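To keep things clear, I will list the structure first and then write my remarks on it.
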Amino acid sequence: RVTFYGIKGGVGRSTALVNWAWHLAEQGKKVLVFDLDLESPGVSSSLLPSSHLPDYGIVDWFVEEGVGQVAVIENEMLGTSPLDQGLSGEIKVVPAYGSKTGDYLPKLARCYSEFSGTNAISWAERLQKMVEYFEEIEKPDVVILDSRAGLHDIAAVLVTRMDADTLLFAIDTPQTW
């Protein structure tokens with residue numbers, strides 16, 4: 001697993017991620033990308049034009065998992081990028097949203113909710129559960145996690161808890177430090 005993280009936006013993180021995913025697929029690797037920049041999901045649209053979007057995405061997964069109905073959508077969350085056409089490998093994407101997501105912002109707000117009950121687990125554990133589910137199904141050579149820029153809950157989980165190498169994208173400026 002590799003996490004792409006930047007302290008601030010505009011440093012080339014998403015562009016580098018898309019280029020590296022393509023390069024790995026060119027080398028025959030099976031690449032699985034998670035667009036976890038949920039507030040500004042650019043990797044989804046860069047790798048999956050609207051005609052290739054699956055029905056559902058990560059925000060849908062968090063909402064449905066929270067109410068115990070994630071099995072209804074899990075098989076409809078994975079898109080294949082047309083960037084891998086003609087390459088010996090492939091690029092699969094779990095996008096932030098899907099073609100049937102509906103109103104994105106209310107789902108985005110709900111996906112950070114913590115749920116109570118006997119089977120309640122933390123948001124970080126839920127995220128890891130989702131990633132591991134798709135890793136088990138797809139058996140990729142490389143998993144790329146696109147992180148939210150800045151000091152954010154998603155970034156904290158991806159950088160510290162996902163057992164991934166982290167690539168930091170930053171510019172030597174006062175804002176960065």
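FYI, nothing fancy with the structure tokens labels: chains A, B, ... in order, residues from 1 per chain, ligands from 1 as they appear.
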Next on the checklist: If you run DSSP on the backbone here, which positions in stretch 23-164 of chain A get alpha helix (DSSP H)? Please write them as number ranges by chain.
Outcome noted: A: 23-26, 42-47, 58-66, 104-111, 123-138, 153-160
Got a sec: who's within 9 Å of A:Val94, counting only C-alpha atoms, leaving out chain neighbours fewer than 4 positions off, as an mmCIF file with all heavy atoms, in the first residue's frame?
data_model
loop_
_atom_site.group_PDB
_atom_site.id
_atom_site.type_symbol
_atom_site.label_atom_id
_atom_site.label_comp_id
_atom_site.auth_asym_id
_atom_site.auth_seq_id
_atom_site.Cartn_x
_atom_site.Cartn_y
_atom_site.Cartn_z
ATOM 1 N N LEU A 32 -4.858 -0.969 -7.701
ATOM 2 C CA LEU A 32 -6.153 -0.653 -7.090
ATOM 3 C C LEU A 32 -6.016 0.712 -6.419
ATOM 4 O O LEU A 32 -5.186 0.897 -5.526
ATOM 5 C CB LEU A 32 -6.532 -1.721 -6.067
ATOM 6 C CG LEU A 32 -7.839 -1.528 -5.302
ATOM 7 C CD1 LEU A 32 -9.035 -1.448 -6.247
ATOM 8 C CD2 LEU A 32 -8.017 -2.662 -4.293
ATOM 9 N N VAL A 33 -6.829 1.671 -6.858
ATOM 10 C CA VAL A 33 -6.766 3.049 -6.362
ATOM 11 C C VAL A 33 -8.028 3.365 -5.564
ATOM 12 O O VAL A 33 -9.144 3.092 -6.033
ATOM 13 C CB VAL A 33 -6.637 4.057 -7.535
ATOM 14 C CG1 VAL A 33 -6.651 5.491 -7.018
ATOM 15 C CG2 VAL A 33 -5.383 3.776 -8.352
ATOM 16 N N PHE A 34 -7.851 3.960 -4.385
ATOM 17 C CA PHE A 34 -8.960 4.442 -3.566
ATOM 18 C C PHE A 34 -8.919 5.959 -3.559
ATOM 19 O O PHE A 34 -7.920 6.541 -3.132
ATOM 20 C CB PHE A 34 -8.842 3.941 -2.116
ATOM 21 C CG PHE A 34 -9.093 2.476 -1.961
ATOM 22 C CD1 PHE A 34 -8.085 1.555 -2.178
ATOM 23 C CD2 PHE A 34 -10.351 2.009 -1.582
ATOM 24 C CE1 PHE A 34 -8.318 0.193 -2.033
ATOM 25 C CE2 PHE A 34 -10.591 0.654 -1.431
ATOM 26 C CZ PHE A 34 -9.570 -0.260 -1.658
ATOM 27 N N ASP A 35 -9.997 6.602 -4.006
ATOM 28 C CA ASP A 35 -10.072 8.065 -3.973
ATOM 29 C C ASP A 35 -10.639 8.483 -2.620
ATOM 30 O O ASP A 35 -11.840 8.620 -2.447
ATOM 31 C CB ASP A 35 -10.933 8.605 -5.108
ATOM 32 C CG ASP A 35 -10.873 10.121 -5.211
ATOM 33 O OD1 ASP A 35 -10.262 10.764 -4.329
ATOM 34 O OD2 ASP A 35 -11.449 10.675 -6.164
ATOM 35 N N LEU A 36 -9.754 8.693 -1.662
ATOM 36 C CA LEU A 36 -10.149 9.049 -0.300
ATOM 37 C C LEU A 36 -10.034 10.539 -0.018
ATOM 38 O O LEU A 36 -10.121 10.952 1.128
ATOM 39 C CB LEU A 36 -9.339 8.225 0.702
ATOM 40 C CG LEU A 36 -9.752 6.753 0.711
ATOM 41 C CD1 LEU A 36 -8.648 5.880 1.280
ATOM 42 C CD2 LEU A 36 -11.044 6.575 1.472
ATOM 43 N N SER A 44 -10.922 10.328 -8.841
ATOM 44 C CA SER A 44 -12.046 9.587 -9.444
ATOM 45 C C SER A 44 -12.314 10.068 -10.858
ATOM 46 O O SER A 44 -12.400 9.272 -11.794
ATOM 47 C CB SER A 44 -13.321 9.763 -8.608
ATOM 48 O OG SER A 44 -13.199 9.184 -7.343
ATOM 49 N N PRO A 54 -18.668 3.372 -11.503
ATOM 50 C CA PRO A 54 -19.563 2.347 -10.976
ATOM 51 C C PRO A 54 -20.777 3.022 -10.337
ATOM 52 O O PRO A 54 -20.834 4.249 -10.220
ATOM 53 C CB PRO A 54 -18.704 1.628 -9.936
ATOM 54 C CG PRO A 54 -17.710 2.640 -9.510
ATOM 55 C CD PRO A 54 -17.452 3.517 -10.701
ATOM 56 N N TYR A 56 -21.788 3.024 -7.202
ATOM 57 C CA TYR A 56 -21.600 3.573 -5.855
ATOM 58 C C TYR A 56 -20.122 3.811 -5.570
ATOM 59 O O TYR A 56 -19.253 3.306 -6.265
ATOM 60 C CB TYR A 56 -22.195 2.629 -4.801
ATOM 61 C CG TYR A 56 -23.666 2.394 -5.033
ATOM 62 C CD1 TYR A 56 -24.125 1.232 -5.619
ATOM 63 C CD2 TYR A 56 -24.591 3.382 -4.702
ATOM 64 C CE1 TYR A 56 -25.479 1.029 -5.860
ATOM 65 C CE2 TYR A 56 -25.940 3.195 -4.947
ATOM 66 C CZ TYR A 56 -26.381 2.016 -5.521
ATOM 67 O OH TYR A 56 -27.715 1.843 -5.764
ATOM 68 N N GLY A 57 -19.868 4.597 -4.513
ATOM 69 C CA GLY A 57 -18.501 4.927 -4.138
ATOM 70 C C GLY A 57 -18.288 4.827 -2.637
ATOM 71 O O GLY A 57 -19.125 4.295 -1.896
ATOM 72 N N ILE A 58 -17.179 5.391 -2.199
ATOM 73 C CA ILE A 58 -16.756 5.284 -0.807
ATOM 74 C C ILE A 58 -17.750 5.930 0.150
ATOM 75 O O ILE A 58 -18.043 5.367 1.210
ATOM 76 C CB ILE A 58 -15.336 5.879 -0.651
ATOM 77 C CG1 ILE A 58 -14.331 4.982 -1.390
ATOM 78 C CG2 ILE A 58 -14.960 6.029 0.822
ATOM 79 C CD1 ILE A 58 -12.940 5.562 -1.525
ATOM 80 N N MET A 77 -19.117 -1.066 -6.726
ATOM 81 C CA MET A 77 -18.285 0.075 -6.327
ATOM 82 C C MET A 77 -16.958 0.171 -7.073
ATOM 83 O O MET A 77 -16.193 1.083 -6.815
ATOM 84 C CB MET A 77 -17.976 -0.012 -4.826
ATOM 85 C CG MET A 77 -19.148 0.230 -3.923
ATOM 86 S SD MET A 77 -18.669 0.117 -2.192
ATOM 87 C CE MET A 77 -17.372 1.335 -2.082
ATOM 88 N N LEU A 78 -16.679 -0.732 -7.953
ATOM 89 C CA LEU A 78 -15.358 -0.799 -8.564
ATOM 90 C C LEU A 78 -15.448 -0.444 -10.046
ATOM 91 O O LEU A 78 -16.241 -1.027 -10.781
ATOM 92 C CB LEU A 78 -14.811 -2.218 -8.396
ATOM 93 C CG LEU A 78 -13.335 -2.437 -8.549
ATOM 94 C CD1 LEU A 78 -12.551 -1.627 -7.522
ATOM 95 C CD2 LEU A 78 -13.013 -3.909 -8.392
ATOM 96 N N GLY A 79 -14.636 0.528 -10.463
ATOM 97 C CA GLY A 79 -14.588 0.909 -11.869
ATOM 98 C C GLY A 79 -13.246 0.550 -12.479
ATOM 99 O O GLY A 79 -12.233 0.506 -11.786
ATOM 100 N N PHE A 134 -11.728 -4.942 -0.546
ATOM 101 C CA PHE A 134 -11.411 -4.837 -1.965
ATOM 102 C C PHE A 134 -10.047 -5.444 -2.294
ATOM 103 O O PHE A 134 -9.854 -5.976 -3.393
ATOM 104 C CB PHE A 134 -11.527 -3.388 -2.448
ATOM 105 C CG PHE A 134 -12.951 -2.953 -2.587
ATOM 106 C CD1 PHE A 134 -13.538 -2.145 -1.631
ATOM 107 C CD2 PHE A 134 -13.725 -3.381 -3.655
ATOM 108 C CE1 PHE A 134 -14.867 -1.765 -1.745
ATOM 109 C CE2 PHE A 134 -15.054 -3.011 -3.779
ATOM 110 C CZ PHE A 134 -15.631 -2.203 -2.819
#
Give me the residues within 8 Å of A:Ala124 as a PDB file with N, CA, C and O atoms, in the first residue's frame, counting only C-alpha atoms and dropping any in the same chain fewer than 4 places off.
ATOM      1  N   GLN A 128     -10.304   0.702   7.215  1.00  0.00           N
ATOM      2  CA  GLN A 128      -9.411  -0.430   6.980  1.00  0.00           C
ATOM      3  C   GLN A 128     -10.205  -1.652   6.503  1.00  0.00           C
ATOM      4  O   GLN A 128      -9.779  -2.373   5.597  1.00  0.00           O
ATOM      5  N   VAL A 157      -5.510   8.901   9.408  1.00  0.00           N
ATOM      6  CA  VAL A 157      -5.694   7.447   9.337  1.00  0.00           C
ATOM      7  C   VAL A 157      -4.802   6.854   8.248  1.00  0.00           C
ATOM      8  O   VAL A 157      -4.119   5.852   8.470  1.00  0.00           O
ATOM      9  N   ARG A 161      -2.200   4.603  10.165  1.00  0.00           N
ATOM     10  CA  ARG A 161      -2.820   3.337  10.543  1.00  0.00           C
ATOM     11  C   ARG A 161      -2.983   2.312   9.436  1.00  0.00           C
ATOM     12  O   ARG A 161      -3.425   1.203   9.697  1.00  0.00           O
TER      13      ARG A 161
END
Item to check | atom CA of A:Glu64 to atom CA of A:Leu158, distance in Å rounded to a single decimal | outcome: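 Computing the Euclidean distance for atom CA of A:Glu64 and atom CA of A:Leu158 yields 21.2 Å.
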Checklist entry - Near A:Gly86, counting only C-alpha atoms, which residues have an atom at most 12 Å away, once you skip same-chain residues fewer than 3 positions from it, shown as a list in words? => result Trp22, Ala25, Glu26, Gln27, Gly28, Ser81, Pro82, Leu83, Gly89, Glu90 and Ile91 of chain A
Item to check | Nearest candidate to A:Asp37 (options A:Thr173, A:Gln85, A:Asn75, A:Thr3; using only C-alpha atoms) | outcome: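 Looking at the shortest contact to A:Asp37, the residue is A:Thr3.
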Checklist entry - Near A:Ala16, counting only C-alpha atoms, which residues have an atom at most 12 Å away, once you skip same-chain residues fewer than 3 positions from it, shown as a PyMOL selection string? => result chain A and resi 3-6+10-13+19-23+43+46+144+146+167-169
Checklist entry - Which residues in stretch 5-174 of chain A does DSSP call strand (DSSP E or B)? List them as a PyMOL selection string. => result chain A and resi 5-6+30-35+79-80+90-94+142-146+165-169
Item to check | Pairwise distance for atom CA of A:Pro95 and atom CA of A:Pro49, rounded to one decimal in Å | outcome: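 Value for the atom CA of A:Pro95-atom CA of A:Pro49 distance: 11.0 Å.
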Next on the checklist: Using only C-alpha atoms for the distances, tell me which of A:Glu135, A:Gly66, A:Asp55, A:Lys30 is nearest to A:Gly102.
Outcome noted: A:Asp55
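Atom CA of A:Lys29 lies 7.3 Å from atom CA of A:Val142.
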Item to check | Spatial neighbours of A:Ala109, max dist 12 Å, only C-alpha atoms, sep filter under 2 positions, as JSON, numbers by chain | outcome: {"A": [38, 39, 59, 60, 62, 63, 103, 104, 105, 106, 107, 111, 112, 113, 114]}
Same residues, N, CA, C and O atoms, output as a PDB file, in the first residue's frame:
ATOM      1  N   LEU A  38     -12.204  12.775  -0.057  1.00  0.00           N
ATOM      2  CA  LEU A  38     -13.660  12.830  -0.166  1.00  0.00           C
ATOM      3  C   LEU A  38     -14.210  14.237  -0.326  1.00  0.00           C
ATOM      4  O   LEU A  38     -15.258  14.423  -0.939  1.00  0.00           O
ATOM      5  N   GLU A  39     -13.530  15.256   0.222  1.00  0.00           N
ATOM      6  CA  GLU A  39     -14.020  16.626   0.092  1.00  0.00           C
ATOM      7  C   GLU A  39     -13.687  17.231  -1.268  1.00  0.00           C
ATOM      8  O   GLU A  39     -14.270  18.227  -1.664  1.00  0.00           O
ATOM      9  N   VAL A  59     -18.300   7.093  -0.196  1.00  0.00           N
ATOM     10  CA  VAL A  59     -19.274   7.712   0.720  1.00  0.00           C
ATOM     11  C   VAL A  59     -20.499   6.824   0.891  1.00  0.00           C
ATOM     12  O   VAL A  59     -21.053   6.724   1.991  1.00  0.00           O
ATOM     13  N   ASP A  60     -20.914   6.169  -0.181  1.00  0.00           N
ATOM     14  CA  ASP A  60     -22.049   5.242  -0.088  1.00  0.00           C
ATOM     15  C   ASP A  60     -21.698   4.063   0.825  1.00  0.00           C
ATOM     16  O   ASP A  60     -22.518   3.609   1.623  1.00  0.00           O
ATOM     17  N   PHE A  62     -19.597   3.958   3.371  1.00  0.00           N
ATOM     18  CA  PHE A  62     -19.624   4.333   4.794  1.00  0.00           C
ATOM     19  C   PHE A  62     -21.052   4.458   5.324  1.00  0.00           C
ATOM     20  O   PHE A  62     -21.343   4.026   6.439  1.00  0.00           O
ATOM     21  N   VAL A  63     -21.940   5.027   4.534  1.00  0.00           N
ATOM     22  CA  VAL A  63     -23.328   5.177   4.972  1.00  0.00           C
ATOM     23  C   VAL A  63     -23.984   3.801   5.121  1.00  0.00           C
ATOM     24  O   VAL A  63     -24.602   3.504   6.143  1.00  0.00           O
ATOM     25  N   ASP A 103     -27.348  12.821  -3.770  1.00  0.00           N
ATOM     26  CA  ASP A 103     -26.851  14.025  -3.103  1.00  0.00           C
ATOM     27  C   ASP A 103     -25.574  13.711  -2.333  1.00  0.00           C
ATOM     28  O   ASP A 103     -25.608  13.034  -1.308  1.00  0.00           O
ATOM     29  N   TYR A 104     -24.467  14.228  -2.831  1.00  0.00           N
ATOM     30  CA  TYR A 104     -23.151  13.892  -2.296  1.00  0.00           C
ATOM     31  C   TYR A 104     -22.904  14.477  -0.902  1.00  0.00           C
ATOM     32  O   TYR A 104     -22.436  13.775  -0.002  1.00  0.00           O
ATOM     33  N   LEU A 105     -23.192  15.757  -0.715  1.00  0.00           N
ATOM     34  CA  LEU A 105     -22.835  16.406   0.552  1.00  0.00           C
ATOM     35  C   LEU A 105     -23.510  15.791   1.775  1.00  0.00           C
ATOM     36  O   LEU A 105     -22.837  15.584   2.791  1.00  0.00           O
ATOM     37  N   PRO A 106     -24.805  15.462   1.743  1.00  0.00           N
ATOM     38  CA  PRO A 106     -25.384  14.795   2.917  1.00  0.00           C
ATOM     39  C   PRO A 106     -24.733  13.446   3.212  1.00  0.00           C
ATOM     40  O   PRO A 106     -24.515  13.095   4.372  1.00  0.00           O
ATOM     41  N   LYS A 107     -24.387  12.703   2.160  1.00  0.00           N
ATOM     42  CA  LYS A 107     -23.711  11.416   2.385  1.00  0.00           C
ATOM     43  C   LYS A 107     -22.311  11.630   2.932  1.00  0.00           C
ATOM     44  O   LYS A 107     -21.856  10.879   3.784  1.00  0.00           O
ATOM     45  N   CYS A 111     -20.914   9.985   6.348  1.00  0.00           N
ATOM     46  CA  CYS A 111     -19.894   8.928   6.305  1.00  0.00           C
ATOM     47  C   CYS A 111     -18.884   9.053   7.440  1.00  0.00           C
ATOM     48  O   CYS A 111     -18.212   8.084   7.767  1.00  0.00           O
ATOM     49  N   TYR A 112     -18.800  10.210   8.075  1.00  0.00           N
ATOM     50  CA  TYR A 112     -17.896  10.372   9.215  1.00  0.00           C
ATOM     51  C   TYR A 112     -18.551  10.008  10.544  1.00  0.00           C
ATOM     52  O   TYR A 112     -17.911  10.060  11.585  1.00  0.00           O
ATOM     53  N   SER A 113     -19.816   9.658  10.508  1.00  0.00           N
ATOM     54  CA  SER A 113     -20.541   9.338  11.744  1.00  0.00           C
ATOM     55  C   SER A 113     -19.969   8.089  12.404  1.00  0.00           C
ATOM     56  O   SER A 113     -19.593   7.133  11.735  1.00  0.00           O
ATOM     57  N   GLU A 114     -19.927   8.142  13.706  1.00  0.00           N
ATOM     58  CA  GLU A 114     -19.583   6.950  14.485  1.00  0.00           C
ATOM     59  C   GLU A 114     -20.893   6.281  14.861  1.00  0.00           C
ATOM     60  O   GLU A 114     -21.876   6.946  15.170  1.00  0.00           O
TER      61      GLU A 114
END
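Minimum atom-to-atom distance to A:Ser51, evaluated using only C-alpha atoms, belongs to A:Ser99 out of A:Arg110, A:Pro174, A:Ser99, A:Arg126.
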Checklist entry - Do you know which residues are at most 12 Å from A:Met162 counting only C-alpha atoms, after dropping those on the same chain fewer than 6 positions away, and could you put them as a PyMOL selection string? => result chain A and resi 1-3+124-132+143-145+147+154-156
